[in-house]
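Asks: Input structure: final31.csv, which contains CSV, N, CA and C atoms.
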```
chain,number,residue,atom,x,y,z
L,1,MET,N,-18.5,23.1,40.5
L,1,MET,CA,-18.7,22.5,39.2
L,1,MET,C,-18.4,21.0,39.3
L,2,VAL,N,-19.2,20.1,38.8
L,2,VAL,CA,-19.0,18.7,38.9
L,2,VAL,C,-18.3,18.2,37.6
L,3,ARG,N,-17.4,17.3,37.8
L,3,ARG,CA,-16.6,16.8,36.7
L,3,ARG,C,-17.4,15.6,36.2
L,4,PRO,N,-17.5,15.4,34.8
L,4,PRO,CA,-18.3,14.3,34.3
L,4,PRO,C,-17.6,13.0,34.6
L,5,ALA,N,-18.4,11.9,34.7
L,5,ALA,CA,-17.8,10.6,35.0
L,5,ALA,C,-17.0,10.1,33.8
L,6,ILE,N,-16.0,9.3,34.1
L,6,ILE,CA,-15.2,8.7,33.0
L,6,ILE,C,-15.9,7.5,32.4
L,7,GLU,N,-16.0,7.5,31.1
L,7,GLU,CA,-16.6,6.3,30.4
L,7,GLU,C,-15.5,5.3,30.2
L,8,TRP,N,-15.3,4.4,31.2
L,8,TRP,CA,-14.1,3.5,31.1
L,8,TRP,C,-14.3,2.4,30.0
L,9,ARG,N,-15.6,2.1,29.7
L,9,ARG,CA,-15.8,1.0,28.7
L,9,ARG,C,-15.1,1.4,27.4
L,10,GLU,N,-15.2,2.7,27.1
L,10,GLU,CA,-14.6,3.2,25.8
L,10,GLU,C,-13.1,3.2,25.9
L,11,LEU,N,-12.6,3.4,27.1
L,11,LEU,CA,-11.1,3.6,27.2
L,11,LEU,C,-10.4,2.3,27.6
L,12,ASP,N,-11.1,1.2,28.0
L,12,ASP,CA,-10.4,0.0,28.4
L,12,ASP,C,-9.5,-0.6,27.4
L,13,GLY,N,-10.0,-0.7,26.2
L,13,GLY,CA,-9.2,-1.2,25.1
L,13,GLY,C,-7.9,-0.4,24.8
L,14,THR,N,-8.1,0.9,24.9
L,14,THR,CA,-6.9,1.8,24.7
L,14,THR,C,-5.9,1.6,25.8
L,15,LEU,N,-6.5,1.4,27.0
L,15,LEU,CA,-5.6,1.3,28.2
L,15,LEU,C,-4.8,0.0,28.1
L,16,ARG,N,-5.5,-1.1,27.7
L,16,ARG,CA,-4.8,-2.4,27.5
L,16,ARG,C,-3.7,-2.3,26.4
L,17,ARG,N,-4.0,-1.6,25.3
L,17,ARG,CA,-3.1,-1.4,24.3
L,17,ARG,C,-1.8,-0.6,24.8
L,18,MET,N,-2.1,0.4,25.5
L,18,MET,CA,-1.0,1.2,26.0
L,18,MET,C,-0.1,0.4,27.0
L,19,ASP,N,-0.8,-0.5,27.8
L,19,ASP,CA,0.0,-1.3,28.7
L,19,ASP,C,0.9,-2.3,27.9
L,20,ARG,N,0.3,-2.9,26.9
L,20,ARG,CA,1.2,-3.8,26.0
L,20,ARG,C,2.3,-3.1,25.4
L,21,ALA,N,2.1,-1.8,25.1
L,21,ALA,CA,3.2,-1.0,24.4
L,21,ALA,C,4.2,-0.6,25.4
L,22,GLY,N,3.9,-0.7,26.7
L,22,GLY,CA,4.9,-0.3,27.8
L,22,GLY,C,4.9,1.1,28.2
L,23,LEU,N,3.8,1.8,27.9
L,23,LEU,CA,3.7,3.2,28.3
L,23,LEU,C,3.6,3.4,29.8
L,24,SER,N,4.2,4.4,30.3
L,24,SER,CA,4.1,4.6,31.8
L,24,SER,C,2.7,5.1,32.1
L,25,ILE,N,2.4,4.9,33.4
L,25,ILE,CA,1.0,5.4,33.9
L,25,ILE,C,0.9,6.9,33.6
L,26,LYS,N,2.0,7.6,33.9
L,26,LYS,CA,1.9,9.0,33.7
L,26,LYS,C,1.6,9.4,32.2
L,27,ARG,N,2.2,8.7,31.3
L,27,ARG,CA,1.9,9.0,29.9
L,27,ARG,C,0.5,8.5,29.5
L,28,GLN,N,0.1,7.4,30.0
L,28,GLN,CA,-1.3,6.9,29.7
L,28,GLN,C,-2.3,7.9,30.2
L,29,ALA,N,-2.1,8.5,31.4
L,29,ALA,CA,-3.0,9.5,32.0
L,29,ALA,C,-3.1,10.7,31.1
L,30,ARG,N,-1.9,11.1,30.6
L,30,ARG,CA,-1.9,12.3,29.8
L,30,ARG,C,-2.7,12.1,28.5
L,31,LYS,N,-2.4,10.9,27.8
L,31,LYS,CA,-3.1,10.7,26.6
L,31,LYS,C,-4.6,10.5,26.7
L,32,LEU,N,-5.0,9.9,27.8
L,32,LEU,CA,-6.4,9.7,28.1
L,32,LEU,C,-7.1,10.9,28.7
L,33,GLN,N,-6.3,11.8,29.1
L,33,GLN,CA,-6.8,13.1,29.8
L,33,GLN,C,-7.6,12.8,31.1
L,34,VAL,N,-7.0,11.9,31.9
L,34,VAL,CA,-7.5,11.6,33.2
L,34,VAL,C,-6.3,11.6,34.2
L,35,SER,N,-6.7,11.5,35.5
L,35,SER,CA,-5.6,11.5,36.5
L,35,SER,C,-4.8,10.2,36.5
L,36,GLU,N,-3.6,10.3,37.0
L,36,GLU,CA,-2.7,9.1,37.2
L,36,GLU,C,-3.4,8.1,38.1
L,37,ARG,N,-4.0,8.6,39.2
L,37,ARG,CA,-4.6,7.8,40.2
L,37,ARG,C,-5.8,7.0,39.5
L,38,ALA,N,-6.5,7.6,38.7
L,38,ALA,CA,-7.7,7.0,38.0
L,38,ALA,C,-7.1,5.8,37.1
L,39,VAL,N,-6.0,6.1,36.4
L,39,VAL,CA,-5.5,5.1,35.5
L,39,VAL,C,-4.9,3.9,36.3
L,40,TYR,N,-4.3,4.2,37.4
L,40,TYR,CA,-3.7,3.2,38.3
L,40,TYR,C,-4.8,2.3,38.8
L,41,GLN,N,-5.9,2.9,39.3
L,41,GLN,CA,-7.0,2.1,39.9
L,41,GLN,C,-7.7,1.3,38.8
L,42,ARG,N,-7.9,1.9,37.6
L,42,ARG,CA,-8.6,1.1,36.5
L,42,ARG,C,-7.7,0.0,36.1
L,43,ARG,N,-6.4,0.2,36.0
L,43,ARG,CA,-5.5,-0.9,35.6
L,43,ARG,C,-5.5,-2.0,36.6
L,44,SER,N,-5.6,-1.7,37.8
L,44,SER,CA,-5.7,-2.7,38.9
L,44,SER,C,-7.0,-3.5,38.7
L,45,ALA,N,-8.1,-2.8,38.4
L,45,ALA,CA,-9.4,-3.4,38.2
L,45,ALA,C,-9.4,-4.4,37.0
L,46,LEU,N,-8.6,-4.0,36.0
L,46,LEU,CA,-8.5,-4.8,34.8
L,46,LEU,C,-7.5,-6.0,34.9
L,47,GLY,N,-6.8,-6.0,36.0
L,47,GLY,CA,-5.8,-7.0,36.2
L,47,GLY,C,-4.5,-6.7,35.5
L,48,LEU,N,-4.2,-5.4,35.2
L,48,LEU,CA,-3.0,-5.0,34.6
L,48,LEU,C,-2.1,-4.4,35.7
L,49,GLY,N,-1.3,-5.3,36.3
L,49,GLY,CA,-0.4,-4.9,37.4
L,49,GLY,C,0.8,-4.2,36.9
L,50,ARG,N,1.8,-4.2,37.8
L,50,ARG,CA,3.1,-3.6,37.4
L,50,ARG,C,3.8,-4.5,36.4
L,51,LYS,N,4.7,-3.9,35.7
L,51,LYS,CA,5.4,-4.7,34.7
L,51,LYS,C,6.2,-5.8,35.3
L,52,ARG,N,6.1,-7.0,34.7
L,52,ARG,CA,6.9,-8.2,35.2
L,52,ARG,C,8.2,-8.3,34.5
L,53,LYS,N,9.2,-8.7,35.2
L,53,LYS,CA,10.5,-8.9,34.5
L,53,LYS,C,10.3,-10.1,33.6
L,54,LYS,N,10.9,-9.9,32.4
L,54,LYS,CA,10.9,-11.0,31.4
L,54,LYS,C,11.8,-12.2,31.9
L,55,GLN,N,11.2,-13.4,31.7
L,55,GLN,CA,12.0,-14.5,32.1
L,55,GLN,C,13.1,-14.8,31.1
L,56,GLU,N,14.3,-15.2,31.6
L,56,GLU,CA,15.4,-15.6,30.7
L,56,GLU,C,15.0,-16.8,30.0
L,57,PRO,N,15.4,-17.0,28.8
L,57,PRO,CA,15.1,-18.2,28.0
L,57,PRO,C,15.7,-19.4,28.7
L,58,SER,N,15.0,-20.5,28.8
L,58,SER,CA,15.5,-21.7,29.5
L,58,SER,C,16.5,-22.4,28.6
L,59,ALA,N,17.3,-23.2,29.2
L,59,ALA,CA,18.3,-23.9,28.4
L,59,ALA,C,17.8,-25.3,28.0
L,60,HIS,N,16.5,-25.5,28.0
L,60,HIS,CA,16.0,-26.9,27.6
L,60,HIS,C,16.3,-27.1,26.2
L,61,ALA,N,16.7,-28.3,25.9
L,61,ALA,CA,17.0,-28.7,24.5
L,61,ALA,C,15.9,-29.6,24.0
```
Could you spell out this file's structure in structure tokens?
Replies:
Amino acid sequence: MVRPAIEWRELDGTLRRMDRAGLSIKRQARKLQVSERAVYQRRSALGLGRKRKKQEPSAHA
């Protein structure tokens, strides 16, 4: 039995929103009902890498 292709165009906005909200890849995969590997690969294609550390506020006056 063949699995249907994932319609990423419909899910990209949701994926970006989940990334901004800080959801883990595991949780994103569950909510989108796709594999973690698929989410990881699509995030890479969209330029959504790993979380970056927030910069400390500078002391510029």
Asks: Determine which residues of chain L receive a DSSP assignment of alpha helix (DSSP H), computed from the backbone, and state them as a ChimeraX atom specification.
Replies: /L:8-21,25-32,36-46
Asks: Any chance you could export the current selection's N, CA and C atoms as an mmCIF file, in the frame of the given file?
Replies:
```cif
data_model
loop_
_atom_site.group_PDB
_atom_site.id
_atom_site.type_symbol
_atom_site.label_atom_id
_atom_site.label_comp_id
_atom_site.auth_asym_id
_atom_site.auth_seq_id
_atom_site.Cartn_x
_atom_site.Cartn_y
_atom_site.Cartn_z
ATOM 1 N N TRP L 8 -15.300 4.400 31.200
ATOM 2 C CA TRP L 8 -14.100 3.500 31.100
ATOM 3 C C TRP L 8 -14.300 2.400 30.000
ATOM 4 N N ARG L 9 -15.600 2.100 29.700
ATOM 5 C CA ARG L 9 -15.800 1.000 28.700
ATOM 6 C C ARG L 9 -15.100 1.400 27.400
ATOM 7 N N GLU L 10 -15.200 2.700 27.100
ATOM 8 C CA GLU L 10 -14.600 3.200 25.800
ATOM 9 C C GLU L 10 -13.100 3.200 25.900
ATOM 10 N N LEU L 11 -12.600 3.400 27.100
ATOM 11 C CA LEU L 11 -11.100 3.600 27.200
ATOM 12 C C LEU L 11 -10.400 2.300 27.600
ATOM 13 N N ASP L 12 -11.100 1.200 28.000
ATOM 14 C CA ASP L 12 -10.400 0.000 28.400
ATOM 15 C C ASP L 12 -9.500 -0.600 27.400
ATOM 16 N N GLY L 13 -10.000 -0.700 26.200
ATOM 17 C CA GLY L 13 -9.200 -1.200 25.100
ATOM 18 C C GLY L 13 -7.900 -0.400 24.800
ATOM 19 N N THR L 14 -8.100 0.900 24.900
ATOM 20 C CA THR L 14 -6.900 1.800 24.700
ATOM 21 C C THR L 14 -5.900 1.600 25.800
ATOM 22 N N LEU L 15 -6.500 1.400 27.000
ATOM 23 C CA LEU L 15 -5.600 1.300 28.200
ATOM 24 C C LEU L 15 -4.800 0.000 28.100
ATOM 25 N N ARG L 16 -5.500 -1.100 27.700
ATOM 26 C CA ARG L 16 -4.800 -2.400 27.500
ATOM 27 C C ARG L 16 -3.700 -2.300 26.400
ATOM 28 N N ARG L 17 -4.000 -1.600 25.300
ATOM 29 C CA ARG L 17 -3.100 -1.400 24.300
ATOM 30 C C ARG L 17 -1.800 -0.600 24.800
ATOM 31 N N MET L 18 -2.100 0.400 25.500
ATOM 32 C CA MET L 18 -1.000 1.200 26.000
ATOM 33 C C MET L 18 -0.100 0.400 27.000
ATOM 34 N N ASP L 19 -0.800 -0.500 27.800
ATOM 35 C CA ASP L 19 0.000 -1.300 28.700
ATOM 36 C C ASP L 19 0.900 -2.300 27.900
ATOM 37 N N ARG L 20 0.300 -2.900 26.900
ATOM 38 C CA ARG L 20 1.200 -3.800 26.000
ATOM 39 C C ARG L 20 2.300 -3.100 25.400
ATOM 40 N N ALA L 21 2.100 -1.800 25.100
ATOM 41 C CA ALA L 21 3.200 -1.000 24.400
ATOM 42 C C ALA L 21 4.200 -0.600 25.400
ATOM 43 N N ILE L 25 2.400 4.900 33.400
ATOM 44 C CA ILE L 25 1.000 5.400 33.900
ATOM 45 C C ILE L 25 0.900 6.900 33.600
ATOM 46 N N LYS L 26 2.000 7.600 33.900
ATOM 47 C CA LYS L 26 1.900 9.000 33.700
ATOM 48 C C LYS L 26 1.600 9.400 32.200
ATOM 49 N N ARG L 27 2.200 8.700 31.300
ATOM 50 C CA ARG L 27 1.900 9.000 29.900
ATOM 51 C C ARG L 27 0.500 8.500 29.500
ATOM 52 N N GLN L 28 0.100 7.400 30.000
ATOM 53 C CA GLN L 28 -1.300 6.900 29.700
ATOM 54 C C GLN L 28 -2.300 7.900 30.200
ATOM 55 N N ALA L 29 -2.100 8.500 31.400
ATOM 56 C CA ALA L 29 -3.000 9.500 32.000
ATOM 57 C C ALA L 29 -3.100 10.700 31.100
ATOM 58 N N ARG L 30 -1.900 11.100 30.600
ATOM 59 C CA ARG L 30 -1.900 12.300 29.800
ATOM 60 C C ARG L 30 -2.700 12.100 28.500
ATOM 61 N N LYS L 31 -2.400 10.900 27.800
ATOM 62 C CA LYS L 31 -3.100 10.700 26.600
ATOM 63 C C LYS L 31 -4.600 10.500 26.700
ATOM 64 N N LEU L 32 -5.000 9.900 27.800
ATOM 65 C CA LEU L 32 -6.400 9.700 28.100
ATOM 66 C C LEU L 32 -7.100 10.900 28.700
ATOM 67 N N GLU L 36 -3.600 10.300 37.000
ATOM 68 C CA GLU L 36 -2.700 9.100 37.200
ATOM 69 C C GLU L 36 -3.400 8.100 38.100
ATOM 70 N N ARG L 37 -4.000 8.600 39.200
ATOM 71 C CA ARG L 37 -4.600 7.800 40.200
ATOM 72 C C ARG L 37 -5.800 7.000 39.500
ATOM 73 N N ALA L 38 -6.500 7.600 38.700
ATOM 74 C CA ALA L 38 -7.700 7.000 38.000
ATOM 75 C C ALA L 38 -7.100 5.800 37.100
ATOM 76 N N VAL L 39 -6.000 6.100 36.400
ATOM 77 C CA VAL L 39 -5.500 5.100 35.500
ATOM 78 C C VAL L 39 -4.900 3.900 36.300
ATOM 79 N N TYR L 40 -4.300 4.200 37.400
ATOM 80 C CA TYR L 40 -3.700 3.200 38.300
ATOM 81 C C TYR L 40 -4.800 2.300 38.800
ATOM 82 N N GLN L 41 -5.900 2.900 39.300
ATOM 83 C CA GLN L 41 -7.000 2.100 39.900
ATOM 84 C C GLN L 41 -7.700 1.300 38.800
ATOM 85 N N ARG L 42 -7.900 1.900 37.600
ATOM 86 C CA ARG L 42 -8.600 1.100 36.500
ATOM 87 C C ARG L 42 -7.700 0.000 36.100
ATOM 88 N N ARG L 43 -6.400 0.200 36.000
ATOM 89 C CA ARG L 43 -5.500 -0.900 35.600
ATOM 90 C C ARG L 43 -5.500 -2.000 36.600
ATOM 91 N N SER L 44 -5.600 -1.700 37.800
ATOM 92 C CA SER L 44 -5.700 -2.700 38.900
ATOM 93 C C SER L 44 -7.000 -3.500 38.700
ATOM 94 N N ALA L 45 -8.100 -2.800 38.400
ATOM 95 C CA ALA L 45 -9.400 -3.400 38.200
ATOM 96 C C ALA L 45 -9.400 -4.400 37.000
ATOM 97 N N LEU L 46 -8.600 -4.000 36.000
ATOM 98 C CA LEU L 46 -8.500 -4.800 34.800
ATOM 99 C C LEU L 46 -7.500 -6.000 34.900
#
```
Asks: Got a sec: who's within 10 Å of segment 29-41 of chain L, counting only C-alpha atoms, leaving out chain neighbours fewer than 6 positions off, as a PDB file with N, CA and C atoms, keeping the file's coordinate frame?
Replies:
```
ATOM      1  N   ILE L   6     -16.000   9.300  34.100  1.00  0.00           N
ATOM      2  CA  ILE L   6     -15.200   8.700  33.000  1.00  0.00           C
ATOM      3  C   ILE L   6     -15.900   7.500  32.400  1.00  0.00           C
ATOM      4  N   TRP L   8     -15.300   4.400  31.200  1.00  0.00           N
ATOM      5  CA  TRP L   8     -14.100   3.500  31.100  1.00  0.00           C
ATOM      6  C   TRP L   8     -14.300   2.400  30.000  1.00  0.00           C
ATOM      7  N   LEU L  11     -12.600   3.400  27.100  1.00  0.00           N
ATOM      8  CA  LEU L  11     -11.100   3.600  27.200  1.00  0.00           C
ATOM      9  C   LEU L  11     -10.400   2.300  27.600  1.00  0.00           C
ATOM     10  N   THR L  14      -8.100   0.900  24.900  1.00  0.00           N
ATOM     11  CA  THR L  14      -6.900   1.800  24.700  1.00  0.00           C
ATOM     12  C   THR L  14      -5.900   1.600  25.800  1.00  0.00           C
ATOM     13  N   LEU L  15      -6.500   1.400  27.000  1.00  0.00           N
ATOM     14  CA  LEU L  15      -5.600   1.300  28.200  1.00  0.00           C
ATOM     15  C   LEU L  15      -4.800   0.000  28.100  1.00  0.00           C
ATOM     16  N   MET L  18      -2.100   0.400  25.500  1.00  0.00           N
ATOM     17  CA  MET L  18      -1.000   1.200  26.000  1.00  0.00           C
ATOM     18  C   MET L  18      -0.100   0.400  27.000  1.00  0.00           C
ATOM     19  N   LEU L  23       3.800   1.800  27.900  1.00  0.00           N
ATOM     20  CA  LEU L  23       3.700   3.200  28.300  1.00  0.00           C
ATOM     21  C   LEU L  23       3.600   3.400  29.800  1.00  0.00           C
ATOM     22  N   GLY L  47      -6.800  -6.000  36.000  1.00  0.00           N
ATOM     23  CA  GLY L  47      -5.800  -7.000  36.200  1.00  0.00           C
ATOM     24  C   GLY L  47      -4.500  -6.700  35.500  1.00  0.00           C
ATOM     25  N   LEU L  48      -4.200  -5.400  35.200  1.00  0.00           N
ATOM     26  CA  LEU L  48      -3.000  -5.000  34.600  1.00  0.00           C
ATOM     27  C   LEU L  48      -2.100  -4.400  35.700  1.00  0.00           C
ATOM     28  N   GLY L  49      -1.300  -5.300  36.300  1.00  0.00           N
ATOM     29  CA  GLY L  49      -0.400  -4.900  37.400  1.00  0.00           C
ATOM     30  C   GLY L  49       0.800  -4.200  36.900  1.00  0.00           C
ATOM     31  N   ARG L  50       1.800  -4.200  37.800  1.00  0.00           N
ATOM     32  CA  ARG L  50       3.100  -3.600  37.400  1.00  0.00           C
ATOM     33  C   ARG L  50       3.800  -4.500  36.400  1.00  0.00           C
TER      34      ARG L  50
END
```
Asks: Rounded to one decimal place, report the atom CA of Arg17 of chain L-atom CA of Arg43 of chain L distance in Å.
Replies: 11.6 Å
Asks: Suppose you want the space between atom CA of Gln28 of chain L and atom N of Arg9 of chain L; what is it in Å?
Replies: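 If I compute the distance from atom CA of Gln28 of chain L to atom N of Arg9 of chain L, I get 15.1 Å.
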Asks: What does the distance from atom N of Arg16 of chain L to atom C of Arg42 of chain L come to in Å, to one decimal?
Replies: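 Going from atom N of Arg16 of chain L over to atom C of Arg42 of chain L, I get 8.8 Å.
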